[in-house]
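Single-structure report; data block below.
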Amino acid sequence: MIPMVDLKTQYHQLKDEIDAGIAQVLENTQFILGPNVQSLEQALADYLGTPHAITCASGTDALHLALAAAGIGEGDEVITTAFTFIATAEAIRYVGAVPVFVDIDPRTFNIDVAQVEAAINERTRAIMPVHLFGQPADLPRLQALCKAHDLILVEDCAQSFGATVNGAQTGTTGAFGCFSFFPSKNLGCYGDGGLITTGSDAHADQLRTLRNHGSRVRYHHDIIGYNSRLDEIQAAILRVKLKHIDRFNQARRRAAHRYNALLADTPVTTPFEDGLGMHVFHQYTLLTDRRDAVMQALQQAGIACAVYYPIPLHRQKAFGDGCAHVHLPVTESVTERCLSLPIYPEIRDEDLVRITAIIRGALD
Ligand SMILES: *Cc1c(COP(=O)(O)O)cnc(C)c1O
């Protein structure tokens, strides 16, 4: 059996350090907003090269709190992609704003900047690109659009921890970078967790207040906030894993490039890297017209595979009739042909050889 993601092998590699970190939290009994969160936030700010790193309870909350801190709400439109996990657009709805879905680039699967530009109107307040599958969206052009139209750039970095554009980490170009530490993400903890980055002192103060019941001083509540903190146990785990993130991401890139080589002369379309930034392969996603046959062959061989994402957001029931008029031909075509293969830092070369041999067999 080859799984989509193998969290156990990595845990066993780091077990001594992780177990010691957890044990220390249990001994200290300071479980919320303690020394581990403080050290982790400093380490994350240093690693990412951002003035402020504010942890919170999940990637979904990171997006929600960033939009709240940006003052986005009722009557505002946020331009985003429909080819993503639902949390991207859920967060827009949480603050009362309207997600405006535009189409994607068929090669990178990231938001199409020309379509973003065409969707801007007087109600537009923000652009929310997703660095999908670990490949940075076109941040230089999106940033230029935001400057020209006075819009807020909120980056969904849930899948892109460690990815860079012109040497800058994703999450440091926009006004806010929103990360997830969900266990299967490139940097994952052993529960839920999230992070918001910002260059603004005022926004950082607001985010720290929002995540902790609107409170700056204990039992003094300046605004209505939320309970959205990363806990100390998760912070202790992330402090260990952060030290290894470059090695993990390099291993993902090596596996992806090996997949590319092994599938080179087949009819599948292997992932395109636009060279604009460094792709960290949260997912390895190919396109094939024979998806059902490939999936069936992999399943029969005990190899996991997955369709990210089978239904684009503008076709989800949750977004209802509001999207009935929305047609995104590239997104719709990609959702019918995309297939993600197992990828994780510890995947073995013999696994990659076996997986690609099965795919070749299914396409013969
Ligand atoms: C995982 C993910 C999220 C949500 O993160 P959670 O930590 O699960 O709340 C948001 N956006 C994208 C693109 C994701 O992949």
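Chain labels A, B, ... are given in the sequence in which chains occur in the structure tokens; within each chain residues are numbered consecutively from 1, and ligands are likewise numbered from 1 in the order shown.
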Can you tell me, as a PyMOL selection string, what residues are no more than 8 Å from Ile104 of chain A when counting only C-alpha atoms, ignoring any on the same chain fewer than 3 positions away?
chain A and resi 81+83+108-112+330-331
Same residues, N, CA, C and O atoms, output as an mmCIF file, in the first residue's frame:
```cif
data_model
loop_
_atom_site.group_PDB
_atom_site.id
_atom_site.type_symbol
_atom_site.label_atom_id
_atom_site.label_comp_id
_atom_site.auth_asym_id
_atom_site.auth_seq_id
_atom_site.Cartn_x
_atom_site.Cartn_y
_atom_site.Cartn_z
ATOM 1 N N THR A 81 -10.107 32.312 -6.785
ATOM 2 C CA THR A 81 -10.199 31.179 -7.699
ATOM 3 C C THR A 81 -11.245 30.185 -7.203
ATOM 4 O O THR A 81 -11.468 30.067 -5.992
ATOM 5 N N PHE A 83 -10.870 27.002 -8.125
ATOM 6 C CA PHE A 83 -10.138 25.726 -8.119
ATOM 7 C C PHE A 83 -9.249 25.708 -6.882
ATOM 8 O O PHE A 83 -8.045 25.979 -6.935
ATOM 9 N N THR A 108 -0.584 26.245 -14.847
ATOM 10 C CA THR A 108 -0.180 26.302 -13.435
ATOM 11 C C THR A 108 -1.330 26.022 -12.478
ATOM 12 O O THR A 108 -1.109 25.781 -11.296
ATOM 13 N N PHE A 109 -2.575 26.077 -12.980
ATOM 14 C CA PHE A 109 -3.789 25.941 -12.165
ATOM 15 C C PHE A 109 -3.983 27.123 -11.210
ATOM 16 O O PHE A 109 -4.877 27.105 -10.372
ATOM 17 N N ASN A 110 -3.136 28.135 -11.319
ATOM 18 C CA ASN A 110 -3.279 29.314 -10.460
ATOM 19 C C ASN A 110 -4.146 30.373 -11.140
ATOM 20 O O ASN A 110 -4.349 30.351 -12.358
ATOM 21 N N ILE A 111 -4.614 31.330 -10.342
ATOM 22 C CA ILE A 111 -5.546 32.352 -10.817
ATOM 23 C C ILE A 111 -4.965 33.080 -12.040
ATOM 24 O O ILE A 111 -3.768 33.390 -12.092
ATOM 25 N N ASP A 112 -5.833 33.338 -13.032
ATOM 26 C CA ASP A 112 -5.430 33.983 -14.288
ATOM 27 C C ASP A 112 -5.475 35.511 -14.082
ATOM 28 O O ASP A 112 -6.549 36.075 -13.876
ATOM 29 N N VAL A 330 -11.892 26.791 -18.136
ATOM 30 C CA VAL A 330 -10.606 26.135 -17.847
ATOM 31 C C VAL A 330 -10.709 25.353 -16.540
ATOM 32 O O VAL A 330 -10.338 24.169 -16.470
ATOM 33 N N THR A 331 -11.248 25.994 -15.520
ATOM 34 C CA THR A 331 -11.430 25.330 -14.220
ATOM 35 C C THR A 331 -12.266 24.058 -14.393
ATOM 36 O O THR A 331 -11.920 22.989 -13.874
#
```
Mind checking DSSP for segment 75-278 of chain A and telling me the helix (DSSP H, G or I) residues as a ChimeraX atom specification?
/A:87-94,113-119,132-134,139-149,201-210,232-242,245-262
With only C-alpha atoms and all ligand atoms counted, collect every polymer residue having an atom within 6 Å of ligand 1; state the result as a PyMOL selection string.
chain A and resi 58-60+84-85+87-88+130+156+158-159+180-182+192-194
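Contact shell of Gln42 of chain A at 12 Å (only C-alpha atoms; same-chain neighbours under 5 positions omitted): Pro35, Asn36, Val37, Tyr47, Leu48, Gly49, Thr50, Pro51, His52, Ala53, Ile54, Thr55, Thr197, Ala235, Arg239 and Leu242 of chain A.
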Please provide as a PyMOL selection string all residues within 9 Å of Arg290 of chain A, with the sequence filter that same-chain residues fewer than 2 positions apart are discarded (counting only C-alpha atoms).
chain A and resi 268+287-288+292-295+337+362-363
Nearest to Glu350 of chain A, chosen from A:Ala97, A:Arg291, A:Lys243, A:Ala255, with only C-alpha atoms counted in the distances:
A:Ala255
Extract, using only C-alpha atoms, all DNA, RNA and protein residues at most 10 Å from Arg360 of chain A, discarding same-chain residues fewer than 6 positions from it, and format them as a ChimeraX atom specification.
/A:262-263,265-268,294,297,354
Write a file of the selected residues as a PDB file, in the first residue's frame, keeping all heavy atoms.
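So out_34.pdb came out as:
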```
ATOM      1  N   LEU A 262       9.889   9.997 -15.227  1.00  0.00           N
ATOM      2  CA  LEU A 262       9.337   8.653 -15.419  1.00  0.00           C
ATOM      3  C   LEU A 262       8.066   8.669 -16.274  1.00  0.00           C
ATOM      4  O   LEU A 262       7.678   7.641 -16.834  1.00  0.00           O
ATOM      5  CB  LEU A 262       9.038   8.002 -14.052  1.00  0.00           C
ATOM      6  CG  LEU A 262      10.268   7.610 -13.223  1.00  0.00           C
ATOM      7  CD1 LEU A 262       9.895   7.378 -11.756  1.00  0.00           C
ATOM      8  CD2 LEU A 262      10.917   6.341 -13.797  1.00  0.00           C
ATOM      9  N   LEU A 263       7.410   9.836 -16.367  1.00  0.00           N
ATOM     10  CA  LEU A 263       6.166   9.935 -17.153  1.00  0.00           C
ATOM     11  C   LEU A 263       6.376  10.711 -18.449  1.00  0.00           C
ATOM     12  O   LEU A 263       5.416  11.014 -19.168  1.00  0.00           O
ATOM     13  CB  LEU A 263       5.074  10.621 -16.311  1.00  0.00           C
ATOM     14  CG  LEU A 263       4.536   9.822 -15.123  1.00  0.00           C
ATOM     15  CD1 LEU A 263       3.700  10.712 -14.199  1.00  0.00           C
ATOM     16  CD2 LEU A 263       3.700   8.630 -15.603  1.00  0.00           C
ATOM     17  N   ASP A 265       7.385  10.365 -21.586  1.00  0.00           N
ATOM     18  CA  ASP A 265       6.898  10.033 -22.931  1.00  0.00           C
ATOM     19  C   ASP A 265       5.528   9.359 -22.901  1.00  0.00           C
ATOM     20  O   ASP A 265       5.216   8.529 -23.736  1.00  0.00           O
ATOM     21  CB  ASP A 265       7.934   9.148 -23.644  1.00  0.00           C
ATOM     22  CG  ASP A 265       8.312   7.946 -22.794  1.00  0.00           C
ATOM     23  OD1 ASP A 265       7.921   7.923 -21.597  1.00  0.00           O
ATOM     24  OD2 ASP A 265       8.983   7.030 -23.296  1.00  0.00           O
ATOM     25  N   THR A 266       4.713   9.726 -21.936  1.00  0.00           N
ATOM     26  CA  THR A 266       3.339   9.211 -21.876  1.00  0.00           C
ATOM     27  C   THR A 266       2.389  10.349 -22.249  1.00  0.00           C
ATOM     28  O   THR A 266       2.785  11.512 -22.252  1.00  0.00           O
ATOM     29  CB  THR A 266       2.977   8.718 -20.457  1.00  0.00           C
ATOM     30  OG1 THR A 266       2.854   9.852 -19.605  1.00  0.00           O
ATOM     31  CG2 THR A 266       4.027   7.766 -19.904  1.00  0.00           C
ATOM     32  N   PRO A 267       1.118  10.011 -22.520  1.00  0.00           N
ATOM     33  CA  PRO A 267       0.170  11.074 -22.895  1.00  0.00           C
ATOM     34  C   PRO A 267      -0.309  11.936 -21.718  1.00  0.00           C
ATOM     35  O   PRO A 267      -1.083  12.864 -21.941  1.00  0.00           O
ATOM     36  CB  PRO A 267      -0.995  10.310 -23.530  1.00  0.00           C
ATOM     37  CG  PRO A 267      -0.847   8.892 -23.136  1.00  0.00           C
ATOM     38  CD  PRO A 267       0.563   8.661 -22.737  1.00  0.00           C
ATOM     39  N   VAL A 268       0.111  11.664 -20.490  1.00  0.00           N
ATOM     40  CA  VAL A 268      -0.352  12.528 -19.389  1.00  0.00           C
ATOM     41  C   VAL A 268       0.408  13.852 -19.432  1.00  0.00           C
ATOM     42  O   VAL A 268       1.528  13.933 -19.936  1.00  0.00           O
ATOM     43  CB  VAL A 268      -0.183  11.884 -17.983  1.00  0.00           C
ATOM     44  CG1 VAL A 268      -0.841  10.521 -17.922  1.00  0.00           C
ATOM     45  CG2 VAL A 268       1.283  11.818 -17.573  1.00  0.00           C
ATOM     46  N   VAL A 294      -6.857   5.236 -15.124  1.00  0.00           N
ATOM     47  CA  VAL A 294      -5.629   5.356 -14.328  1.00  0.00           C
ATOM     48  C   VAL A 294      -5.952   5.147 -12.839  1.00  0.00           C
ATOM     49  O   VAL A 294      -5.256   4.399 -12.138  1.00  0.00           O
ATOM     50  CB  VAL A 294      -4.968   6.733 -14.559  1.00  0.00           C
ATOM     51  CG1 VAL A 294      -3.804   6.953 -13.601  1.00  0.00           C
ATOM     52  CG2 VAL A 294      -4.490   6.862 -16.009  1.00  0.00           C
ATOM     53  N   ALA A 297      -6.612   1.444 -12.091  1.00  0.00           N
ATOM     54  CA  ALA A 297      -5.382   0.636 -12.089  1.00  0.00           C
ATOM     55  C   ALA A 297      -4.583   0.880 -10.809  1.00  0.00           C
ATOM     56  O   ALA A 297      -4.058  -0.068 -10.201  1.00  0.00           O
ATOM     57  CB  ALA A 297      -4.542   0.973 -13.321  1.00  0.00           C
ATOM     58  N   ARG A 354       7.271   2.240  -9.296  1.00  0.00           N
ATOM     59  CA  ARG A 354       6.122   1.335  -9.333  1.00  0.00           C
ATOM     60  C   ARG A 354       4.850   2.089  -9.740  1.00  0.00           C
ATOM     61  O   ARG A 354       4.072   1.617 -10.585  1.00  0.00           O
ATOM     62  CB  ARG A 354       5.950   0.685  -7.949  1.00  0.00           C
ATOM     63  CG  ARG A 354       4.983  -0.438  -7.984  1.00  0.00           C
ATOM     64  CD  ARG A 354       5.087  -1.418  -6.845  1.00  0.00           C
ATOM     65  NE  ARG A 354       3.734  -1.899  -6.650  1.00  0.00           N
ATOM     66  CZ  ARG A 354       2.988  -1.625  -5.592  1.00  0.00           C
ATOM     67  NH1 ARG A 354       3.477  -0.938  -4.585  1.00  0.00           N
ATOM     68  NH2 ARG A 354       1.750  -2.068  -5.531  1.00  0.00           N
TER      69      ARG A 354
END
```
Taking the DSSP secondary structure from the backbone, can you list the residues of segment 163-364 of chain A that are strand (DSSP E or B), as a ChimeraX atom specification?
/A:164-165,168-169,176-180,194-198,212,215-217,220-221,227,231,269,277-278,284-287,303,306,338-341
Keeping only N, CA, C and O atoms, write the selected residues to a file as a short mmCIF file (atom, residue, chain, number, x, y, z; two decimals), in the first residue's frame.
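Final output, again-v1.cif:
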```
data_model
loop_
_atom_site.label_atom_id
_atom_site.label_comp_id
_atom_site.auth_asym_id
_atom_site.auth_seq_id
_atom_site.Cartn_x
_atom_site.Cartn_y
_atom_site.Cartn_z
N THR A 164 8.91 30.16 -2.85
CA THR A 164 9.42 31.53 -2.99
C THR A 164 9.14 32.09 -4.39
O THR A 164 8.97 31.33 -5.35
N VAL A 165 9.11 33.42 -4.46
CA VAL A 165 9.04 34.14 -5.74
C VAL A 165 10.16 35.17 -5.73
O VAL A 165 10.19 36.01 -4.82
N ALA A 168 11.66 35.72 -2.44
CA ALA A 168 10.80 36.10 -1.31
C ALA A 168 9.81 34.98 -1.03
O ALA A 168 9.21 34.40 -1.94
N GLN A 169 9.62 34.66 0.23
CA GLN A 169 8.67 33.63 0.61
C GLN A 169 7.24 34.04 0.24
O GLN A 169 6.89 35.23 0.34
N PHE A 176 -1.33 40.36 3.67
CA PHE A 176 -1.46 39.24 4.60
C PHE A 176 -1.08 37.94 3.89
O PHE A 176 -1.45 37.75 2.73
N GLY A 177 -0.39 37.06 4.62
CA GLY A 177 -0.16 35.70 4.16
C GLY A 177 -0.84 34.77 5.15
O GLY A 177 -0.67 34.91 6.36
N CYS A 178 -1.62 33.80 4.62
CA CYS A 178 -2.40 32.93 5.49
C CYS A 178 -1.99 31.49 5.27
O CYS A 178 -2.14 30.95 4.17
N PHE A 179 -1.46 30.86 6.31
CA PHE A 179 -0.90 29.51 6.23
C PHE A 179 -1.73 28.54 7.08
O PHE A 179 -2.35 28.95 8.07
N SER A 180 -1.66 27.26 6.71
CA SER A 180 -2.30 26.19 7.48
C SER A 180 -1.23 25.22 7.97
O SER A 180 -0.30 24.89 7.23
N GLY A 194 -2.79 27.36 12.38
CA GLY A 194 -2.67 28.31 11.28
C GLY A 194 -1.76 29.47 11.63
O GLY A 194 -1.30 29.59 12.77
N LEU A 195 -1.51 30.30 10.62
CA LEU A 195 -0.57 31.41 10.78
C LEU A 195 -0.96 32.54 9.83
O LEU A 195 -1.33 32.30 8.68
N ILE A 196 -0.83 33.77 10.35
CA ILE A 196 -1.01 34.95 9.50
C ILE A 196 0.29 35.76 9.55
O ILE A 196 0.82 36.00 10.63
N THR A 197 0.77 36.16 8.38
CA THR A 197 1.93 37.05 8.34
C THR A 197 1.47 38.42 7.87
O THR A 197 0.54 38.54 7.06
N THR A 198 2.11 39.46 8.39
CA THR A 198 1.82 40.81 7.92
C THR A 198 3.03 41.71 8.16
O THR A 198 3.80 41.47 9.09
N ASN A 212 -7.66 36.46 20.28
CA ASN A 212 -7.76 36.23 21.72
C ASN A 212 -8.91 37.04 22.34
O ASN A 212 -8.69 37.84 23.23
N SER A 215 -8.96 40.88 23.18
CA SER A 215 -8.33 41.33 24.42
C SER A 215 -6.83 41.60 24.25
O SER A 215 -6.10 40.77 23.71
N ARG A 216 -6.38 42.77 24.70
CA ARG A 216 -4.95 43.08 24.76
C ARG A 216 -4.42 42.87 26.17
O ARG A 216 -3.30 42.45 26.38
N VAL A 217 -5.27 43.23 27.15
CA VAL A 217 -4.95 43.05 28.56
C VAL A 217 -6.02 42.12 29.13
O VAL A 217 -7.21 42.27 28.83
N HIS A 220 -9.86 42.64 29.69
CA HIS A 220 -10.24 43.91 29.07
C HIS A 220 -10.47 43.59 27.58
O HIS A 220 -9.52 43.18 26.91
N HIS A 221 -11.70 43.77 27.11
CA HIS A 221 -12.04 43.37 25.75
C HIS A 221 -12.38 44.60 24.93
O HIS A 221 -13.41 45.23 25.14
N ASN A 227 -11.94 33.02 19.62
CA ASN A 227 -11.01 32.12 20.29
C ASN A 227 -10.30 31.36 19.18
O ASN A 227 -10.82 30.40 18.64
N ASP A 231 -2.27 25.96 20.02
CA ASP A 231 -1.93 25.56 21.39
C ASP A 231 -0.45 25.21 21.51
O ASP A 231 0.25 25.01 20.53
N THR A 269 -0.24 14.91 -18.92
CA THR A 269 0.41 16.21 -18.81
C THR A 269 0.96 16.34 -17.40
O THR A 269 0.19 16.39 -16.43
N GLY A 277 8.77 31.18 -9.66
CA GLY A 277 9.13 30.99 -8.26
C GLY A 277 9.48 29.54 -8.02
O GLY A 277 9.56 28.76 -8.96
N MET A 278 9.69 29.18 -6.76
CA MET A 278 10.00 27.80 -6.43
C MET A 278 8.74 27.08 -5.95
O MET A 278 8.12 27.46 -4.97
N TYR A 284 1.35 16.60 -6.25
CA TYR A 284 1.86 16.34 -7.61
C TYR A 284 0.62 15.99 -8.44
O TYR A 284 0.03 14.92 -8.28
N THR A 285 0.21 16.93 -9.28
CA THR A 285 -1.08 16.81 -9.97
C THR A 285 -0.89 16.82 -11.48
O THR A 285 -0.35 17.78 -12.04
N LEU A 286 -1.32 15.74 -12.12
CA LEU A 286 -1.20 15.66 -13.57
C LEU A 286 -2.58 15.75 -14.21
O LEU A 286 -3.61 15.72 -13.53
N LEU A 287 -2.59 15.90 -15.53
CA LEU A 287 -3.84 15.91 -16.28
C LEU A 287 -3.87 14.70 -17.20
O LEU A 287 -2.85 14.40 -17.84
N ILE A 303 -2.36 1.47 -4.60
CA ILE A 303 -1.71 2.78 -4.59
C ILE A 303 -2.79 3.85 -4.49
O ILE A 303 -3.74 3.87 -5.28
N ALA A 306 -5.83 10.75 -5.69
CA ALA A 306 -6.96 11.59 -5.27
C ALA A 306 -7.23 12.66 -6.31
O ALA A 306 -6.32 13.08 -7.04
N CYS A 338 -7.92 16.25 -13.72
CA CYS A 338 -6.77 16.30 -12.80
C CYS A 338 -6.72 15.05 -11.91
O CYS A 338 -7.74 14.47 -11.55
N LEU A 339 -5.51 14.66 -11.59
CA LEU A 339 -5.30 13.52 -10.70
C LEU A 339 -4.01 13.74 -9.92
O LEU A 339 -2.95 14.01 -10.50
N SER A 340 -4.13 13.65 -8.59
CA SER A 340 -2.96 13.85 -7.74
C SER A 340 -2.41 12.49 -7.29
O SER A 340 -3.18 11.60 -6.92
N LEU A 341 -1.09 12.37 -7.34
CA LEU A 341 -0.41 11.12 -6.98
C LEU A 341 0.24 11.26 -5.60
O LEU A 341 0.45 12.38 -5.12
#
```
Could you list, as an MDAnalysis selection string, every residue within 10 Å of Leu142 of chain A, counting only C-alpha atoms and ignoring same-chain residues fewer than 3 positions away?
chainID A and resid 111:114 116:117 127:129 137:139 145:148 151 153 173:174
Please identify all polymer residues within 8 Å of Phe31 of chain A, counting only C-alpha atoms, omitting same-chain residues fewer than 2 positions from it, and present them as a PyMOL selection string.
chain A and resi 25-26+29+33-34+231-233
Save the residues we just selected, N, CA and C atoms, as a compact mmCIF listing (two decimals), in the first residue's frame?
```txt
# COMPACT_ATOMS: atom_id res chain seq x y z
N VAL A 25 5.71 20.51 27.55
CA VAL A 25 4.46 21.27 27.67
C VAL A 25 3.60 20.66 28.77
N LEU A 26 3.53 19.34 28.81
CA LEU A 26 2.69 18.68 29.81
C LEU A 26 3.21 18.96 31.22
N THR A 29 2.46 22.70 32.03
CA THR A 29 1.00 22.91 32.11
C THR A 29 0.57 24.32 31.69
N LEU A 33 -1.00 30.09 24.57
CA LEU A 33 -0.21 31.32 24.49
C LEU A 33 0.93 31.34 25.52
N GLY A 34 1.80 30.36 25.40
CA GLY A 34 2.96 30.27 26.29
C GLY A 34 4.27 30.41 25.52
N ASP A 231 -2.27 25.96 20.02
CA ASP A 231 -1.93 25.56 21.39
C ASP A 231 -0.45 25.21 21.51
N GLU A 232 0.02 25.17 22.75
CA GLU A 232 1.45 25.00 23.04
C GLU A 232 1.99 23.65 22.55
N ILE A 233 1.16 22.61 22.61
CA ILE A 233 1.63 21.29 22.15
C ILE A 233 1.90 21.35 20.65
```
